[in-house]
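Engineer: The structure file start12.cif (mmCIF, C-alpha atoms) is provided below.
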data_coords
loop_
_atom_site.label_atom_id
_atom_site.label_comp_id
_atom_site.auth_asym_id
_atom_site.auth_seq_id
_atom_site.Cartn_x
_atom_site.Cartn_y
_atom_site.Cartn_z
CA MET S 71 -23.59 -90.91 31.88
CA THR S 72 -21.50 -90.47 35.01
CA GLU S 73 -22.98 -88.46 37.90
CA THR S 74 -20.38 -86.11 39.36
CA LEU S 75 -20.23 -83.44 42.02
CA LEU S 76 -17.72 -81.42 40.02
CA PHE S 77 -20.22 -80.89 37.22
CA SER S 78 -23.33 -80.57 39.37
CA PRO S 79 -24.93 -77.12 39.77
CA MET S 80 -24.43 -75.23 43.00
CA THR S 81 -26.60 -72.46 44.42
CA ILE S 82 -25.19 -69.80 46.76
CA ARG S 83 -27.70 -67.17 47.86
CA GLY S 84 -29.49 -66.08 44.66
CA LEU S 85 -26.82 -67.39 42.30
CA THR S 86 -26.56 -70.80 40.65
CA LEU S 87 -23.23 -71.96 39.20
CA LYS S 88 -23.44 -74.54 36.42
CA ASN S 89 -20.54 -76.50 37.96
CA ARG S 90 -18.09 -76.33 40.88
CA ILE S 91 -15.08 -75.26 38.80
CA VAL S 92 -13.71 -71.81 39.60
CA VAL S 93 -10.99 -69.86 37.84
CA PRO S 94 -9.38 -68.06 40.79
CA PRO S 95 -8.05 -64.50 40.58
CA MET S 96 -4.58 -64.51 39.04
CA HIS S 97 -2.61 -61.29 38.62
CA GLN S 98 -1.89 -60.42 35.02
CA TYR S 99 -0.02 -57.15 35.69
CA SER S 100 -1.23 -55.89 32.31
CA ALA S 101 -3.50 -52.95 33.13
CA GLU S 102 -2.81 -49.43 31.88
CA LYS S 103 -3.18 -46.86 34.65
CA GLY S 104 -5.58 -49.21 36.37
CA PHE S 105 -7.75 -49.87 33.32
CA PRO S 106 -8.27 -53.34 31.82
CA THR S 107 -6.90 -53.94 28.33
CA ASP S 108 -7.68 -56.38 25.53
CA TRP S 109 -5.43 -58.84 27.36
CA HIS S 110 -7.91 -58.98 30.24
CA LEU S 111 -10.82 -59.54 27.88
CA MET S 112 -8.98 -62.38 26.17
CA ASN S 113 -7.73 -63.87 29.41
CA ALA S 114 -11.07 -63.96 31.22
CA GLY S 115 -12.95 -64.81 28.05
CA LYS S 116 -10.96 -67.92 27.22
CA PHE S 117 -11.59 -69.37 30.68
CA ALA S 118 -15.31 -68.63 30.47
CA ALA S 119 -15.46 -70.21 27.00
CA GLY S 120 -13.56 -73.22 28.32
CA GLY S 121 -16.46 -74.22 30.54
CA ALA S 122 -15.70 -72.94 34.05
CA GLY S 123 -18.71 -72.13 36.19
CA LEU S 124 -17.16 -69.04 37.79
CA VAL S 125 -14.37 -66.81 36.49
CA VAL S 126 -12.92 -64.40 39.06
CA VAL S 127 -11.09 -61.35 37.73
CA GLU S 128 -7.73 -60.71 39.37
CA SER S 129 -7.13 -58.62 42.50
CA THR S 130 -8.44 -55.14 41.66
CA LYS S 131 -7.24 -52.37 43.90
CA VAL S 132 -9.53 -50.31 46.11
CA GLU S 133 -7.15 -47.34 46.18
CA ARG S 134 -4.20 -46.12 44.13
CA ARG S 135 -1.70 -46.76 46.94
CA GLY S 136 -2.79 -50.38 46.93
CA CYS S 137 -1.39 -51.15 43.48
CA GLY S 138 1.37 -53.71 43.62
CA THR S 139 2.77 -52.83 40.18
CA VAL S 140 2.21 -50.38 37.35
CA GLY S 141 0.03 -53.09 35.77
CA ASP S 142 -2.51 -53.62 38.56
CA LEU S 143 -6.24 -53.22 37.87
CA GLY S 144 -8.07 -50.45 39.72
CA ILE S 145 -11.57 -49.83 41.01
CA TRP S 146 -10.96 -46.76 43.19
CA ASP S 147 -12.92 -44.44 40.91
CA ASP S 148 -16.25 -44.62 39.07
CA LYS S 149 -14.37 -44.28 35.78
CA PHE S 150 -13.34 -47.92 36.08
CA VAL S 151 -16.91 -49.26 36.12
CA ALA S 152 -17.63 -49.24 32.38
CA PRO S 153 -14.35 -50.91 31.29
CA LEU S 154 -14.82 -53.64 33.90
CA ALA S 155 -18.44 -54.10 32.78
CA ARG S 156 -17.11 -55.09 29.35
CA LEU S 157 -15.34 -58.06 30.96
CA VAL S 158 -18.52 -59.04 32.79
CA GLN S 159 -20.60 -58.96 29.65
CA PHE S 160 -18.24 -61.20 27.72
CA ILE S 161 -17.92 -63.73 30.55
CA ARG S 162 -21.70 -63.92 30.78
CA GLN S 163 -22.01 -64.43 27.03
CA GLN S 164 -20.08 -67.68 27.48
CA ASN S 165 -22.60 -68.90 30.08
CA ALA S 166 -20.24 -68.39 33.01
CA VAL S 167 -20.55 -66.27 36.15
CA ALA S 168 -18.29 -63.24 36.55
CA GLY S 169 -16.58 -62.53 39.85
CA ILE S 170 -13.97 -60.03 40.95
CA GLN S 171 -11.47 -59.91 43.80
CA LEU S 172 -10.91 -56.66 45.70
CA GLY S 173 -7.45 -56.12 47.12
CA HIS S 174 -4.77 -53.80 48.45
CA SER S 175 -1.06 -54.64 48.32
CA GLY S 176 -0.12 -52.82 51.52
CA ARG S 177 3.62 -52.95 52.18
CA LYS S 178 4.10 -55.09 49.04
CA ALA S 179 3.05 -52.17 46.81
CA ARG S 180 5.20 -50.27 44.31
CA ALA S 181 7.03 -53.34 43.01
CA SER S 182 8.25 -54.55 39.64
CA ARG S 183 6.33 -57.26 37.82
CA PRO S 184 7.43 -60.76 38.92
CA TRP S 185 9.03 -61.56 35.57
CA GLU S 186 10.92 -58.26 35.76
CA GLY S 187 12.70 -59.24 38.95
CA ASP S 188 10.03 -59.16 41.69
CA ARG S 189 11.76 -56.35 43.58
CA PRO S 190 11.03 -52.80 44.77
CA LEU S 191 10.30 -50.56 41.81
CA GLN S 192 12.87 -47.93 40.91
CA ARG S 193 11.69 -44.35 40.49
CA THR S 194 11.33 -43.25 36.86
CA PRO S 195 9.96 -40.06 35.27
CA HIS S 196 6.97 -41.80 33.69
CA ILE S 197 5.48 -42.60 37.13
CA GLU S 198 3.90 -39.24 37.78
CA ASP S 199 2.48 -39.96 41.22
CA TRP S 200 5.49 -41.70 42.76
CA ASP S 201 5.31 -39.93 46.12
CA ALA S 202 1.57 -40.50 46.47
CA TRP S 203 2.09 -44.18 45.63
CA GLN S 204 3.71 -44.86 48.99
CA PRO S 205 3.57 -48.36 50.47
CA VAL S 206 1.50 -48.35 53.66
CA ALA S 207 0.89 -51.03 56.27
CA PRO S 208 -0.48 -51.60 59.76
CA SER S 209 3.02 -50.98 61.15
CA ALA S 210 6.29 -49.61 59.78
CA ILE S 211 7.76 -53.09 59.28
CA ALA S 212 9.27 -54.10 55.95
CA HIS S 213 8.24 -57.31 54.21
CA SER S 214 11.90 -58.40 54.30
CA GLU S 215 15.34 -56.85 54.21
CA ARG S 216 14.98 -56.54 50.42
CA TRP S 217 11.95 -54.27 50.71
CA PRO S 218 11.55 -50.69 51.95
CA GLU S 219 9.92 -49.85 55.23
CA PRO S 220 6.26 -48.87 54.67
CA ARG S 221 4.54 -45.99 56.38
CA ALA S 222 2.26 -47.02 59.23
CA LEU S 223 -1.36 -46.06 58.65
CA GLU S 224 -2.96 -43.59 61.03
CA THR S 225 -6.16 -44.79 62.71
CA GLY S 226 -8.23 -42.37 60.63
CA GLU S 227 -6.63 -43.70 57.45
CA VAL S 228 -7.59 -47.24 58.41
CA LYS S 229 -11.20 -46.17 58.80
CA ASP S 230 -11.05 -44.40 55.43
CA LEU S 231 -9.75 -47.59 53.85
CA VAL S 232 -12.68 -49.53 55.26
CA GLN S 233 -14.99 -47.16 53.41
CA ALA S 234 -12.85 -47.45 50.25
CA TRP S 235 -13.57 -51.17 50.21
CA GLY S 236 -17.27 -50.45 50.57
CA GLN S 237 -17.21 -48.04 47.62
CA ALA S 238 -15.25 -50.57 45.57
CA ALA S 239 -17.97 -53.13 46.25
CA ARG S 240 -20.57 -50.62 45.03
CA ARG S 241 -18.64 -50.18 41.80
CA ALA S 242 -18.23 -53.93 41.35
CA HIS S 243 -22.00 -54.31 41.63
CA GLU S 244 -22.59 -51.49 39.17
CA ALA S 245 -20.21 -53.19 36.73
CA GLY S 246 -22.41 -56.29 36.92
CA PHE S 247 -20.23 -58.77 38.80
CA ASP S 248 -22.20 -61.49 40.58
CA VAL S 249 -19.52 -62.76 42.98
CA LEU S 250 -17.16 -60.68 45.09
CA GLU S 251 -14.03 -61.92 46.84
CA LEU S 252 -12.04 -59.98 49.44
CA HIS S 253 -8.30 -60.65 49.32
CA GLY S 254 -7.17 -61.38 52.86
CA ALA S 255 -4.20 -63.60 52.02
CA HIS S 256 -0.66 -63.76 50.65
CA GLY S 257 0.90 -61.03 52.75
CA TYR S 258 -1.13 -58.15 51.34
CA LEU S 259 -2.77 -55.45 53.44
CA VAL S 260 -5.60 -57.42 55.06
CA HIS S 261 -3.25 -60.30 55.89
CA GLU S 262 -0.77 -57.77 57.30
CA PHE S 263 -3.42 -56.68 59.80
CA LEU S 264 -4.10 -60.29 60.81
CA SER S 265 -0.48 -61.27 61.40
CA GLU S 266 1.40 -60.51 64.60
CA ARG S 267 4.57 -60.38 62.52
CA SER S 268 3.40 -57.35 60.54
CA ASN S 269 0.87 -55.77 62.93
CA GLN S 270 2.30 -54.23 66.09
CA ARG S 271 -0.32 -51.51 66.46
CA THR S 272 -1.49 -50.35 69.88
CA ASP S 273 -4.84 -48.93 68.76
CA GLU S 274 -8.10 -50.81 68.18
CA TYR S 275 -6.72 -52.47 65.02
CA GLY S 276 -3.82 -54.24 66.73
CA GLY S 277 -2.75 -56.09 69.83
CA SER S 278 -5.09 -58.98 70.56
CA GLU S 279 -6.36 -61.46 68.00
CA ALA S 280 -9.72 -59.66 68.06
CA GLY S 281 -7.99 -56.35 67.40
CA ARG S 282 -6.02 -57.74 64.48
CA MET S 283 -9.21 -59.22 63.02
CA ARG S 284 -11.08 -55.92 63.33
CA PHE S 285 -9.98 -54.45 59.99
CA LEU S 286 -11.23 -57.37 57.90
CA ILE S 287 -14.45 -57.61 59.91
CA GLU S 288 -15.16 -53.90 59.37
CA VAL S 289 -14.25 -54.19 55.69
CA THR S 290 -16.72 -57.06 55.36
CA GLU S 291 -19.44 -55.02 57.03
CA ALA S 292 -18.75 -52.03 54.77
CA VAL S 293 -18.77 -54.25 51.68
CA ARG S 294 -22.03 -55.92 52.63
CA ALA S 295 -23.63 -52.48 53.03
CA TYR S 296 -23.18 -52.02 49.26
CA TRP S 297 -23.02 -55.59 47.96
CA PRO S 298 -26.58 -56.89 47.44
CA ASP S 299 -27.84 -59.58 49.75
CA HIS S 300 -28.60 -61.96 46.87
CA LYS S 301 -24.98 -61.93 45.68
CA PRO S 302 -22.35 -64.26 47.21
CA LEU S 303 -19.34 -62.93 49.09
CA PHE S 304 -16.05 -64.86 49.32
CA VAL S 305 -12.93 -64.17 51.39
CA ARG S 306 -9.49 -65.54 50.53
CA LEU S 307 -7.33 -66.33 53.56
CA SER S 308 -3.84 -67.65 54.04
CA VAL S 309 -5.20 -70.28 56.39
CA GLU S 310 -1.61 -71.18 57.31
CA ASP S 311 1.07 -68.54 56.85
CA ASN S 312 3.93 -70.36 58.59
CA ALA S 313 4.48 -67.27 60.72
CA GLY S 314 2.04 -67.56 63.61
CA TRP S 315 -1.32 -67.38 61.86
CA GLY S 316 -2.74 -70.85 61.35
CA PRO S 317 -5.84 -73.00 60.82
CA GLU S 318 -7.25 -72.48 64.31
CA GLN S 319 -7.14 -68.69 64.00
CA SER S 320 -8.54 -68.89 60.48
CA ALA S 321 -11.45 -71.04 61.62
CA ARG S 322 -12.27 -68.62 64.43
CA LEU S 323 -12.18 -65.72 61.98
CA ALA S 324 -14.30 -67.61 59.44
CA LYS S 325 -17.01 -68.17 62.07
CA ILE S 326 -17.21 -64.41 62.64
CA LEU S 327 -17.13 -63.59 58.93
CA LYS S 328 -20.01 -66.00 58.34
CA THR S 329 -22.18 -63.90 60.66
CA LYS S 330 -21.22 -60.80 58.66
CA GLY S 331 -22.44 -62.18 55.35
CA VAL S 332 -19.48 -64.16 54.00
CA ASP S 333 -20.48 -67.34 52.18
CA VAL S 334 -17.23 -69.02 51.12
CA ILE S 335 -13.66 -69.06 52.44
CA ASP S 336 -11.09 -69.45 49.66
CA CYS S 337 -8.32 -71.40 51.41
CA SER S 338 -4.74 -70.61 50.46
CA SER S 339 -1.50 -70.19 52.42
CA GLY S 340 1.69 -68.20 52.91
CA GLY S 341 2.86 -64.80 51.77
CA ILE S 342 3.50 -62.88 54.98
CA SER S 343 7.21 -63.61 54.61
CA GLU S 344 9.45 -64.52 51.70
CA ALA S 345 9.36 -68.19 52.68
CA ALA S 346 7.56 -70.35 50.13
CA PRO S 347 3.86 -70.84 51.00
CA ILE S 348 4.10 -74.56 51.54
CA LEU S 349 3.02 -77.04 54.17
CA GLY S 350 5.74 -79.50 54.99
CA LYS S 351 8.93 -80.01 53.04
CA GLU S 352 7.48 -80.65 49.59
CA ILE S 353 4.62 -79.43 47.46
CA LYS S 354 2.42 -82.26 46.24
CA TYR S 355 -1.01 -82.72 44.69
CA SER S 356 -3.78 -81.10 46.78
CA TYR S 357 -1.23 -79.79 49.29
CA GLN S 358 -3.54 -77.03 50.57
CA VAL S 359 -6.74 -79.08 50.61
CA PRO S 360 -6.37 -80.01 54.33
CA LEU S 361 -6.66 -76.29 55.11
CA SER S 362 -9.98 -76.13 53.28
CA GLU S 363 -11.18 -79.26 55.04
CA HIS S 364 -10.29 -77.85 58.47
CA VAL S 365 -12.01 -74.49 57.98
CA ARG S 366 -15.07 -76.14 56.44
CA ARG S 367 -15.44 -78.49 59.39
CA GLU S 368 -14.56 -76.15 62.26
CA ALA S 369 -16.33 -73.01 61.04
CA GLU S 370 -19.23 -74.80 59.34
CA ILE S 371 -18.85 -72.63 56.27
CA MET S 372 -18.47 -73.41 52.58
CA THR S 373 -14.89 -73.47 51.33
CA MET S 374 -12.98 -73.42 48.08
CA ALA S 375 -9.90 -75.60 47.68
CA VAL S 376 -6.86 -74.52 45.67
CA GLY S 377 -3.29 -75.71 45.25
CA LEU S 378 -1.94 -78.17 42.67
CA ILE S 379 -5.36 -79.48 41.71
CA ILE S 380 -4.43 -80.83 38.31
CA HIS S 381 -6.81 -83.64 37.34
CA GLY S 382 -10.57 -83.95 37.09
CA ASP S 383 -10.77 -87.11 39.19
CA GLN S 384 -8.59 -85.44 41.82
CA ALA S 385 -11.05 -82.52 41.99
CA GLU S 386 -14.03 -84.88 42.11
CA GLN S 387 -12.53 -86.82 45.01
CA ILE S 388 -11.94 -83.65 47.03
CA LEU S 389 -15.64 -82.83 46.73
CA ARG S 390 -16.74 -86.38 47.52
CA ASN S 391 -14.51 -86.43 50.60
CA GLY S 392 -16.26 -83.32 51.90
CA GLN S 393 -13.02 -81.32 51.90
CA ALA S 394 -14.40 -78.40 49.89
CA ASP S 395 -17.50 -77.13 48.11
CA LEU S 396 -15.77 -75.48 45.16
CA ILE S 397 -12.58 -76.29 43.27
CA ALA S 398 -10.25 -73.53 42.11
CA VAL S 399 -8.06 -74.50 39.18
CA GLY S 400 -5.39 -71.84 38.69
CA ARG S 401 -2.09 -72.53 36.98
CA GLU S 402 -3.34 -75.69 35.37
CA ILE S 403 -6.10 -73.79 33.63
CA LEU S 404 -3.44 -71.39 32.37
CA ASN S 405 -1.88 -74.47 30.81
CA ASN S 406 -5.21 -75.68 29.42
CA PRO S 407 -8.04 -73.10 29.31
CA ASN S 408 -10.40 -75.92 28.27
CA TRP S 409 -9.68 -77.84 31.49
CA PRO S 410 -13.40 -78.11 32.41
CA MET S 411 -14.22 -79.70 29.06
CA ASP S 412 -11.20 -81.97 29.35
CA ALA S 413 -12.19 -83.05 32.88
CA ALA S 414 -15.77 -83.76 31.74
CA LEU S 415 -14.48 -86.07 29.02
CA LYS S 416 -12.29 -88.00 31.41
CA LEU S 417 -15.01 -88.28 34.06
CA GLY S 418 -17.51 -89.57 31.50
CA VAL S 419 -19.93 -86.68 31.81
CA GLU S 420 -22.63 -86.85 29.15
CA GLY S 421 -22.36 -84.22 26.42
CA PRO S 422 -19.05 -82.67 27.53
CA PHE S 423 -19.04 -80.40 24.48
CA ARG S 424 -22.44 -78.92 25.29
CA ASN S 425 -20.98 -76.78 28.08
CA VAL S 426 -18.71 -74.79 25.79
CA PRO S 427 -19.54 -72.39 22.94
CA PRO S 428 -20.69 -74.14 19.74
CA GLN S 429 -18.03 -72.33 17.76
CA PHE S 430 -15.64 -75.05 18.87
CA GLY S 431 -17.83 -77.43 20.88
CA TYR S 432 -19.76 -78.46 17.76
CA TRP S 433 -16.61 -79.41 15.85
CA LEU S 434 -15.05 -81.28 18.73
CA GLY S 435 -18.31 -83.14 19.28
CA THR S 436 -18.53 -84.28 15.66
CA ARG S 437 -14.92 -85.47 15.78
CA ALA S 438 -15.59 -87.47 18.95
CA LYS S 439 -18.55 -89.25 17.29
CA ARG S 440 -16.27 -90.74 14.67
CA GLY S 441 -14.78 -93.02 17.28
CA PHE S 442 -11.46 -93.92 15.70
CA GLY S 443 -8.96 -92.92 18.36
CA THR S 444 -9.75 -89.23 18.52
CA GLN S 445 -8.85 -88.68 22.14
CA PRO S 446 -7.51 -85.17 22.75
CA SER S 447 -3.80 -84.49 23.11
CA THR S 448 -4.32 -83.73 26.81
CA TRP S 449 -5.82 -87.13 27.50
CA GLN S 450 -4.80 -88.60 30.82
CA ASN S 451 -6.90 -90.59 33.25
CA GLY S 452 -5.59 -88.77 36.29
CA LEU S 453 -4.29 -90.23 39.52
CA ARG S 454 -3.64 -93.78 40.62
CA GLU S 455 -4.42 -94.83 44.15
CA ASP S 456 -0.79 -94.15 45.10
CA GLY S 457 -1.14 -90.54 43.93
CA ARG S 458 0.96 -90.88 40.78
CA ALA S 459 -0.29 -89.80 37.37
CA THR S 460 -1.42 -92.44 34.91
CA SER S 461 -1.66 -92.19 31.14
CA ASN S 462 -3.38 -94.20 28.46
CA PRO S 463 -0.91 -96.01 26.21
#
Spit out the file's structure as structure tokens when you get a sec.
Structural biologist:
Amino acid sequence: MTETLLFSPMTIRGLTLKNRIVVPPMHQYSAEKGFPTDWHLMNAGKFAAGGAGLVVVESTKVERRGCGTVGDLGIWDDKFVAPLARLVQFIRQQNAVAGIQLGHSGRKARASRPWEGDRPLQRTPHIEDWDAWQPVAPSAIAHSERWPEPRALETGEVKDLVQAWGQAARRAHEAGFDVLELHGAHGYLVHEFLSERSNQRTDEYGGSEAGRMRFLIEVTEAVRAYWPDHKPLFVRLSVEDNAGWGPEQSARLAKILKTKGVDVIDCSSGGISEAAPILGKEIKYSYQVPLSEHVRREAEIMTMAVGLIIHGDQAEQILRNGQADLIAVGREILNNPNWPMDAALKLGVEGPFRNVPPQFGYWLGTRAKRGFGTQPSTWQNGLREDGRATSNP
């Protein structure tokens, strides 16, 4: 048996995760008028069955105006609670923890789905509330020349939005979620308040760094008023947005958020402009991990690393190096929903098939006992010391 950090339990507040593997929120753009569909049940369920400790449902919007596309999930009304609870129940049945991300698209709202062109949506008769679905932002500044100018939020509207996040947290709790993440990254509304590029307000929510941080701080306070103390609270930040907001500002913000009841900073990057969210000139394995390491060290808060984390031994090394406390596996787990089981095999964890449902874990376990070259088709040791992938012959 190999002792690993990746497959060791982790307790945050009153919650214990069976391992450090997290399926991060990934937009599916497949909701119907804000409601989850069978696609969402299948999508979240396969990751939970694959062995992840925590499965976080995609960015779910706290108000109708916050929807990025016609396929965004919603939580702005109590009618969404029961359908979302169905997702929670199924995730739990697979011995995983259910989380949800709360978001608002801000000036990036009312867009087509990415695979439909990733552009401003054109008005059609079937969108009945087109005028009400108006992109809003801290200031009337477009995301880029390709996008329309949003309407600047009045101060009273900002305060109403703070309360909308609080009510969304209440509904998430009523639906049964055990982890909540606030989306403060990737150029969406919260990030728009943080960035000098998109926030040129002269009221209390703009101007100085403290003013630009105010919205997220107040949202956190409103959320914690409804989110039980025994349940963990995460915040996703673009720790580096390549547009003036960087690791030092993120660390200062994380210190404040920690005092407001935030437990984990989910460390991503980019999104405030159309420039690719990269650090340096090329994307490589673990390219965002230094951001997690910086925030973890400077703010003395738990962090989650994300960004081209492909292999189990790569994830294990990040934890052993003290660069993060949790590992988010996003696109790679889309490629292989059984990534946790696969990583356990490669890391030599005892009983790797015990952490998945017996409906397939039993059969894979019996095959493995035969011992005549039955390594899975995904078998790969991982990374060499020079960072390149290595494969068994």
Engineer: What is the atom CA of Val426 of chain S to atom CA of Phe117 of chain S distance in Å?
Structural biologist: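 Straight-line distance from atom CA of Val426 of chain S to atom CA of Phe117 of chain S works out to 10.2 Å.
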Engineer: If you measure from atom CA of Asn405 of chain S to atom CA of Asp383 of chain S, what distance in Å do you get, rounded to one decimal?
Structural biologist: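 Computing it gives 17.6 Å between the two atoms.
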Engineer: Need to verify the contact set: Trp185 of chain S, 12 Å, only C-alpha atoms, exclusion of same-chain residues closer than 4 positions in sequence. Can you return it as a compact mmCIF listing (two decimals) with C-alpha atoms, keeping the file's coordinate frame?
Structural biologist:
# COMPACT_ATOMS: atom_id res chain seq x y z
CA GLN S 98 -1.89 -60.42 35.02
CA TYR S 99 -0.02 -57.15 35.69
CA THR S 139 2.77 -52.83 40.18
CA ALA S 181 7.03 -53.34 43.01
CA ARG S 189 11.76 -56.35 43.58
Engineer: Looking at S:Ser129, S:Ser214, S:Asn406, S:Ser209, which one is nearest to Ser175 of chain S, with distances taken over only C-alpha atoms?
Structural biologist: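 Looking at the shortest contact to Ser175 of chain S, the residue is S:Ser129.
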Engineer: Hey, which of S:Gly176, S:Gly400, S:Pro422, S:Gly144 ends up closest to Ile91 of chain S? Count all atoms listed in the file.
Structural biologist: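 Of the candidates, the smallest distance to Ile91 of chain S is held by S:Gly400.
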Engineer: How many Å separate atom CA of Glu128 of chain S from atom CA of Ile170 of chain S?
Structural biologist: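 Going from atom CA of Glu128 of chain S over to atom CA of Ile170 of chain S covers 6.5 Å.
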Engineer: S:Ala280, S:Ala118, S:Ala398, S:Ala239: which is nearest Val151 of chain S, counting only C-alpha atoms?
Structural biologist: S:Ala239
Engineer: Set the distance at 12 Å and use only C-alpha atoms: which residues neighbour Thr225 of chain S once local chain neighbours fewer than 4 positions away are removed? I'd like the list as JSON, numbers by chain.
Structural biologist: {"S": [207, 208, 209, 229, 230, 231, 232, 271, 272, 273, 274, 275, 276, 285]}
Engineer: Those residues with C-alpha atoms, as an mmCIF file, in the coordinates of the input please?
Structural biologist:
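Result saved to out_9.cif:
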data_model
loop_
_atom_site.group_PDB
_atom_site.id
_atom_site.type_symbol
_atom_site.label_atom_id
_atom_site.label_comp_id
_atom_site.auth_asym_id
_atom_site.auth_seq_id
_atom_site.Cartn_x
_atom_site.Cartn_y
_atom_site.Cartn_z
ATOM 1 C CA ALA S 207 0.890 -51.030 56.270
ATOM 2 C CA PRO S 208 -0.480 -51.600 59.760
ATOM 3 C CA SER S 209 3.020 -50.980 61.150
ATOM 4 C CA LYS S 229 -11.200 -46.170 58.800
ATOM 5 C CA ASP S 230 -11.050 -44.400 55.430
ATOM 6 C CA LEU S 231 -9.750 -47.590 53.850
ATOM 7 C CA VAL S 232 -12.680 -49.530 55.260
ATOM 8 C CA ARG S 271 -0.320 -51.510 66.460
ATOM 9 C CA THR S 272 -1.490 -50.350 69.880
ATOM 10 C CA ASP S 273 -4.840 -48.930 68.760
ATOM 11 C CA GLU S 274 -8.100 -50.810 68.180
ATOM 12 C CA TYR S 275 -6.720 -52.470 65.020
ATOM 13 C CA GLY S 276 -3.820 -54.240 66.730
ATOM 14 C CA PHE S 285 -9.980 -54.450 59.990
#
Engineer: Using all atoms listed in the file, find all polymer residues with an atom at most 10 Å away from the point (-9.9, -71.0, 36.3); report them as a PyMOL selection string.
Structural biologist: chain S and resi 91-96+114+116-118+120-127+397-404+406-410
Engineer: Please save C-alpha atoms of the selected residues as an mmCIF file, in the frame of the given file.
Structural biologist:
data_model
loop_
_atom_site.group_PDB
_atom_site.id
_atom_site.type_symbol
_atom_site.label_atom_id
_atom_site.label_comp_id
_atom_site.auth_asym_id
_atom_site.auth_seq_id
_atom_site.Cartn_x
_atom_site.Cartn_y
_atom_site.Cartn_z
ATOM 1 C CA ILE S 91 -15.080 -75.260 38.800
ATOM 2 C CA VAL S 92 -13.710 -71.810 39.600
ATOM 3 C CA VAL S 93 -10.990 -69.860 37.840
ATOM 4 C CA PRO S 94 -9.380 -68.060 40.790
ATOM 5 C CA PRO S 95 -8.050 -64.500 40.580
ATOM 6 C CA MET S 96 -4.580 -64.510 39.040
ATOM 7 C CA ALA S 114 -11.070 -63.960 31.220
ATOM 8 C CA LYS S 116 -10.960 -67.920 27.220
ATOM 9 C CA PHE S 117 -11.590 -69.370 30.680
ATOM 10 C CA ALA S 118 -15.310 -68.630 30.470
ATOM 11 C CA GLY S 120 -13.560 -73.220 28.320
ATOM 12 C CA GLY S 121 -16.460 -74.220 30.540
ATOM 13 C CA ALA S 122 -15.700 -72.940 34.050
ATOM 14 C CA GLY S 123 -18.710 -72.130 36.190
ATOM 15 C CA LEU S 124 -17.160 -69.040 37.790
ATOM 16 C CA VAL S 125 -14.370 -66.810 36.490
ATOM 17 C CA VAL S 126 -12.920 -64.400 39.060
ATOM 18 C CA VAL S 127 -11.090 -61.350 37.730
ATOM 19 C CA ILE S 397 -12.580 -76.290 43.270
ATOM 20 C CA ALA S 398 -10.250 -73.530 42.110
ATOM 21 C CA VAL S 399 -8.060 -74.500 39.180
ATOM 22 C CA GLY S 400 -5.390 -71.840 38.690
ATOM 23 C CA ARG S 401 -2.090 -72.530 36.980
ATOM 24 C CA GLU S 402 -3.340 -75.690 35.370
ATOM 25 C CA ILE S 403 -6.100 -73.790 33.630
ATOM 26 C CA LEU S 404 -3.440 -71.390 32.370
ATOM 27 C CA ASN S 406 -5.210 -75.680 29.420
ATOM 28 C CA PRO S 407 -8.040 -73.100 29.310
ATOM 29 C CA ASN S 408 -10.400 -75.920 28.270
ATOM 30 C CA TRP S 409 -9.680 -77.840 31.490
ATOM 31 C CA PRO S 410 -13.400 -78.110 32.410
#
Engineer: For a quick check of your reading of the model, name the residues lying within 12 Å of the coordinate (-7.9, -50.2, 28.8), counting all atoms listed in the file, and write them as a PyMOL selection string.
Structural biologist: chain S and resi 100-111+141-144+149-157
